Amino acid sequence: MPDVTPFAARYDRVRNWLRAHPLALDGALAVAALICMVAGSFADPNGPHGPTFGTRTPDARSAVLMLVAAGALVFRRREPMGVLLVTGAVSVVELVAGDPAAPVAMSAVIALYTVASRTDRPTTWRVGLLTMTVLTAAAMAFGSSPWYTQENLGVFAWTGMAAAAGDAVRSRRAFVDAIRERAERAERTREEEAGRRVAEERLRIARDLHDVVAHHIALVNVQAGVAAHVMDKRPDQAKEALAHVREASRSALNELRATVGLLRQSGDPEAPTAPAPGLAVLDELVTTFRQAGLPVEVARADDGEPAPAAVDLAAYRIIQEALTNVRKHAGKDAKAEVSVVRVGSTLEVTVIDNGPADAAGPSDGGGHGLLGMRERVTALGGTLTAGPRYGGGFRVQAILPLKVRAVRAGEDT
């Protein structure tokens, strides 16, 4: 079999060049149309035994009209309606004055095809019917007789086919463009969805890292301060404080390892498998704060029923962050109260403290603690309220729905 690859490559190069230079393609088409019109002008359709070739010669008028019509076709893409008007006019002139007429109407057929392929269907119908009517009427009234000869009916047929072919090409081009646009839009949608999921995952990981670091570093800071204060006078208590520092740092490292492990590849065998913390280990969390010197009272009325994993983790993190803020902002003599109550289809988590009335609590926009809590609650479809209490202290309350629903990013609570 012959190798078609070089031919296909040359064909693609020629096609791409013609697409990049449409005026050259239109010029070549105009030359081809001129050659066909000139060749057809030497044929006599009314010979004694049918059409004969070489028995007549076109006059100067016909030659000028053919040149004008072919020259107009060079600009058919830039001004399709104008070119159709020019070619239609010279075609009517030739049909009226020519005896027999030269095939100048060929240029009008090409121009009508261009209009139909580059406009909408209603315009094609209107312009096509008008062109078909005018040219056919001129051919039947002034052309060869009788009026129903094949030359006159040929004008009607060729103009109709030109309009239909142009409309079909336009429809196919619109269909292909719609498919391409739909594919590009689908690709953009996939990329945007992937970017959104990456951003959400990054935000969730950042929130977890902040919760872990803020909680454990605060405990380490407190216990280290206690150890430094009693090192000389009460070394036993200093050792106990240092033991708490070591335990808090170990817990921080373990949770950091678990969180950062989410960034590993899915096939990594060393990826962490430990479950996320929840209300089941709330007593252990409260114990760490009590050991750090913050008295904490816990009241639970959640019937001991497990909450959904996302709600369970969010409740734990909210309590952790709120107690960390109490330890940092409420003063050394502050006390905290934690309540976890199941009310119908919601879980209410409240953390209050009795800090002084003039104590500066964490502002809603000043740090990442309250912002992280609010984002967690919003993601679950719940509500969060945080602010100073009347008479002193601070109050954080989160109402979490036990039936979690997805909330779009950026939606208000």
# chains A, B, ... in the order shown; residues from 1 in each chain; ligands from 1

call {"tool": "select_by_dssp", "arguments": {"residues": "stretch 302-350 of chain A", "states": "strand (DSSP E)", "output": "list in words"}}
result
Ala336, Glu337, Val338, Ser339, Val340, Val341, Arg342, Val343, Thr346, Leu347, Glu348, Val349 and Thr350 of chain A

call {"tool": "residues_around", "arguments": {"residues": "A:His244", "least_positions_apart": "4", "cutoff": "8 Å", "atoms": "only C-alpha atoms", "output": "number ranges by chain"}}
result
A: 220, 223, 240, 248, 291

call {"tool": "residues_around", "arguments": {"residues": "stretch 31-38 of chain A", "least_positions_apart": "6", "cutoff": "8 Å", "atoms": "only C-alpha atoms", "output": "NGL selection string"}}
result
:A and (63 or 66-67 or 70 or 102-104 or 106-107)

call {"tool": "residues_around", "arguments": {"residues": "A:Trp125", "least_positions_apart": "4", "cutoff": "9 Å", "atoms": "only C-alpha atoms", "output": "ChimeraX atom specification"}}
result
/A:116,120-121,129-130,163

call {"tool": "atom_distance", "arguments": {"atom1": "atom CA of A:Pro277", "atom2": "atom CA of A:Leu313"}}
result
6.1 Å

call {"tool": "closest_residue", "arguments": {"among": "A:Leu384, A:Ala314, A:Leu23, A:Ala398", "to": "A:Asp208", "atoms": "only C-alpha atoms"}}
result
A:Ala314

call {"tool": "residues_around", "arguments": {"residues": "A:Glu284", "least_positions_apart": "5", "cutoff": "12 Å", "atoms": "only C-alpha atoms", "output": "PyMOL selection string"}}
result
chain A and resi 248+251+277-279+289-291+296+298+316+320

call {"tool": "write_last_selection", "arguments": {"atoms": "C-alpha atoms", "output": "short mmCIF file (atom, residue, chain, number, x, y, z; two decimals), in the first residue's frame"}}
result
data_model
loop_
_atom_site.label_atom_id
_atom_site.label_comp_id
_atom_site.auth_asym_id
_atom_site.auth_seq_id
_atom_site.Cartn_x
_atom_site.Cartn_y
_atom_site.Cartn_z
CA ALA A 248 1.58 17.60 75.90
CA SER A 251 0.38 14.49 72.05
CA PRO A 277 -10.53 12.79 68.50
CA GLY A 278 -14.11 13.29 69.63
CA LEU A 279 -16.35 13.67 72.67
CA PHE A 289 -6.42 21.76 81.24
CA ARG A 290 -6.96 20.95 84.90
CA GLN A 291 -3.34 19.85 85.16
CA VAL A 296 -13.02 22.99 84.44
CA VAL A 298 -18.21 19.41 82.70
CA TYR A 316 -14.30 18.38 70.41
CA GLN A 320 -10.53 22.54 72.87
#

call {"tool": "residues_around", "arguments": {"residues": "A:Gly88", "least_positions_apart": "2", "cutoff": "9 Å", "atoms": "only C-alpha atoms", "output": "PyMOL selection string"}}
result
chain A and resi 69+83-86+90-93+104-105+107-109+111+131+134-135

call {"tool": "write_last_selection", "arguments": {"atoms": "C-alpha atoms", "output": "PDB file, in the first residue's frame"}}
result
ATOM      1  CA  ALA A  69     -18.714  39.287 -10.596  1.00  0.00           C
ATOM      2  CA  VAL A  83     -21.122  40.752  -2.663  1.00  0.00           C
ATOM      3  CA  LEU A  84     -24.511  39.033  -3.125  1.00  0.00           C
ATOM      4  CA  LEU A  85     -26.044  42.363  -4.134  1.00  0.00           C
ATOM      5  CA  VAL A  86     -23.301  43.042  -6.701  1.00  0.00           C
ATOM      6  CA  VAL A  90     -24.720  41.828 -12.747  1.00  0.00           C
ATOM      7  CA  SER A  91     -26.470  38.470 -13.153  1.00  0.00           C
ATOM      8  CA  VAL A  92     -29.805  40.202 -13.780  1.00  0.00           C
ATOM      9  CA  VAL A  93     -28.156  42.555 -16.276  1.00  0.00           C
ATOM     10  CA  VAL A 104     -22.742  35.099 -14.712  1.00  0.00           C
ATOM     11  CA  ALA A 105     -25.413  33.800 -12.324  1.00  0.00           C
ATOM     12  CA  SER A 107     -21.222  34.071  -9.063  1.00  0.00           C
ATOM     13  CA  ALA A 108     -24.586  34.881  -7.444  1.00  0.00           C
ATOM     14  CA  VAL A 109     -24.999  31.216  -6.503  1.00  0.00           C
ATOM     15  CA  ALA A 111     -22.428  34.551  -3.001  1.00  0.00           C
ATOM     16  CA  THR A 131     -32.535  35.978  -4.827  1.00  0.00           C
ATOM     17  CA  VAL A 134     -35.471  37.713  -8.892  1.00  0.00           C
ATOM     18  CA  LEU A 135     -32.983  35.608 -10.857  1.00  0.00           C
TER      19      LEU A 135
END

call {"tool": "select_by_dssp", "arguments": {"residues": "stretch 310-388 of chain A", "states": "alpha helix (DSSP H)", "output": "MDAnalysis selection string"}}
result
chainID A and resid 310:329 369:379

call {"tool": "residues_around", "arguments": {"residues": "A:Arg118", "least_positions_apart": "2", "cutoff": "10 Å", "atoms": "only C-alpha atoms", "output": "VMD selection string"}}
result
chain A and resid 77 80 113 to 116 120 to 121 123 to 124 166 to 167 169 to 171 173

call {"tool": "write_last_selection", "arguments": {"atoms": "all heavy atoms", "output": "compact mmCIF listing (two decimals), in the first residue's frame"}}
result
# COMPACT_ATOMS: atom_id res chain seq x y z
N ARG A 77 -16.25 36.96 2.12
CA ARG A 77 -16.26 36.76 3.59
C ARG A 77 -16.41 38.08 4.34
O ARG A 77 -17.02 38.12 5.40
CB ARG A 77 -14.99 36.05 4.03
CG ARG A 77 -14.83 34.63 3.51
CD ARG A 77 -13.50 34.07 3.96
NE ARG A 77 -13.15 32.84 3.27
CZ ARG A 77 -13.36 31.62 3.73
NH1 ARG A 77 -13.92 31.47 4.91
NH2 ARG A 77 -13.00 30.56 3.03
N PRO A 80 -20.51 39.71 2.87
CA PRO A 80 -21.31 38.72 2.13
C PRO A 80 -22.57 39.31 1.50
O PRO A 80 -22.91 38.98 0.35
CB PRO A 80 -21.63 37.67 3.19
CG PRO A 80 -21.43 38.35 4.51
CD PRO A 80 -20.37 39.35 4.29
N TYR A 113 -24.60 31.17 -1.30
CA TYR A 113 -24.10 30.12 -0.39
C TYR A 113 -23.32 30.75 0.77
O TYR A 113 -23.48 30.33 1.93
CB TYR A 113 -23.19 29.16 -1.17
CG TYR A 113 -22.35 28.28 -0.27
CD1 TYR A 113 -22.87 27.12 0.28
CD2 TYR A 113 -21.03 28.62 0.04
CE1 TYR A 113 -22.11 26.31 1.11
CE2 TYR A 113 -20.26 27.83 0.87
CZ TYR A 113 -20.80 26.69 1.40
OH TYR A 113 -20.04 25.90 2.23
N THR A 114 -22.49 31.75 0.48
CA THR A 114 -21.71 32.41 1.54
C THR A 114 -22.61 33.09 2.55
O THR A 114 -22.41 32.98 3.77
CB THR A 114 -20.75 33.43 0.91
OG1 THR A 114 -19.92 32.78 -0.05
CG2 THR A 114 -19.88 34.07 1.98
N VAL A 115 -23.64 33.80 2.05
CA VAL A 115 -24.58 34.46 2.98
C VAL A 115 -25.28 33.43 3.85
O VAL A 115 -25.42 33.61 5.07
CB VAL A 115 -25.59 35.30 2.18
CG1 VAL A 115 -26.70 35.81 3.10
CG2 VAL A 115 -24.89 36.47 1.51
N ALA A 116 -25.73 32.34 3.27
CA ALA A 116 -26.45 31.32 4.04
C ALA A 116 -25.56 30.65 5.07
O ALA A 116 -26.02 30.27 6.16
CB ALA A 116 -27.03 30.26 3.09
N ASP A 120 -27.98 33.70 10.00
CA ASP A 120 -28.93 32.80 10.66
C ASP A 120 -29.95 32.28 9.65
O ASP A 120 -30.00 32.70 8.49
CB ASP A 120 -29.62 33.50 11.82
CG ASP A 120 -30.25 34.82 11.40
OD1 ASP A 120 -30.36 35.07 10.19
OD2 ASP A 120 -30.63 35.60 12.28
N ARG A 121 -30.78 31.33 10.11
CA ARG A 121 -31.74 30.68 9.21
C ARG A 121 -32.81 31.64 8.70
O ARG A 121 -33.15 31.60 7.50
CB ARG A 121 -32.36 29.49 9.91
CG ARG A 121 -33.37 28.72 9.08
CD ARG A 121 -33.58 27.35 9.63
NE ARG A 121 -32.37 26.53 9.52
CZ ARG A 121 -32.22 25.35 10.11
NH1 ARG A 121 -33.21 24.85 10.84
NH2 ARG A 121 -31.11 24.67 9.96
N THR A 123 -32.62 34.81 8.09
CA THR A 123 -32.01 35.63 7.05
C THR A 123 -31.78 34.82 5.78
O THR A 123 -31.99 35.32 4.66
CB THR A 123 -30.68 36.21 7.55
OG1 THR A 123 -30.90 36.97 8.74
CG2 THR A 123 -30.04 37.11 6.51
N THR A 124 -31.37 33.58 5.93
CA THR A 124 -31.17 32.72 4.76
C THR A 124 -32.46 32.53 3.99
O THR A 124 -32.48 32.59 2.75
CB THR A 124 -30.61 31.36 5.21
OG1 THR A 124 -29.34 31.54 5.85
CG2 THR A 124 -30.43 30.43 4.02
N GLY A 166 -25.62 26.14 2.12
CA GLY A 166 -25.04 27.10 3.07
C GLY A 166 -25.64 27.00 4.45
O GLY A 166 -24.94 27.07 5.47
N ASP A 167 -26.97 26.81 4.51
CA ASP A 167 -27.63 26.66 5.80
C ASP A 167 -27.18 25.38 6.49
O ASP A 167 -26.98 25.36 7.72
CB ASP A 167 -29.14 26.65 5.61
CG ASP A 167 -29.89 26.56 6.93
OD1 ASP A 167 -29.86 27.54 7.70
OD2 ASP A 167 -30.49 25.51 7.19
N VAL A 169 -24.25 23.88 6.15
CA VAL A 169 -22.87 24.10 6.63
C VAL A 169 -22.88 24.95 7.89
O VAL A 169 -22.15 24.68 8.85
CB VAL A 169 -22.03 24.75 5.52
CG1 VAL A 169 -20.68 25.22 6.07
CG2 VAL A 169 -21.81 23.76 4.38
N ARG A 170 -23.72 25.99 7.90
CA ARG A 170 -23.80 26.83 9.10
C ARG A 170 -24.29 26.04 10.30
O ARG A 170 -23.77 26.17 11.42
CB ARG A 170 -24.73 28.01 8.84
CG ARG A 170 -24.90 28.94 10.03
CD ARG A 170 -26.12 29.82 9.86
NE ARG A 170 -27.32 29.00 9.62
CZ ARG A 170 -27.97 28.37 10.59
NH1 ARG A 170 -27.56 28.43 11.84
NH2 ARG A 170 -29.05 27.65 10.29
N SER A 171 -25.30 25.20 10.11
CA SER A 171 -25.83 24.39 11.21
C SER A 171 -24.78 23.43 11.74
O SER A 171 -24.63 23.26 12.95
CB SER A 171 -27.07 23.62 10.75
OG SER A 171 -28.09 24.51 10.35
N ARG A 173 -21.51 23.75 11.52
CA ARG A 173 -20.47 24.53 12.19
C ARG A 173 -20.93 24.95 13.58
O ARG A 173 -20.16 24.88 14.55
CB ARG A 173 -20.12 25.75 11.36
CG ARG A 173 -18.94 26.56 11.90
CD ARG A 173 -18.71 27.81 11.07
NE ARG A 173 -18.41 27.47 9.69
CZ ARG A 173 -19.05 27.98 8.64
NH1 ARG A 173 -20.08 28.81 8.83
NH2 ARG A 173 -18.71 27.64 7.43

call {"tool": "closest_residue", "arguments": {"among": "A:Asp312, A:Arg76, A:Ala280, A:Asp333", "to": "A:Leu347", "atoms": "only C-alpha atoms"}}
result
A:Asp312

call {"tool": "closest_residue", "arguments": {"among": "A:Leu400, A:Ala162, A:Val176, A:Ala243", "to": "A:Ile110", "atoms": "only C-alpha atoms"}}
result
A:Ala162

call {"tool": "atom_distance", "arguments": {"atom1": "atom CA of A:Pro6", "atom2": "atom CA of A:Asp26"}}
result
26.2 Å

call {"tool": "atom_distance", "arguments": {"atom1": "atom CA of A:Glu200", "atom2": "atom CA of A:Thr350"}}
result
26.4 Å
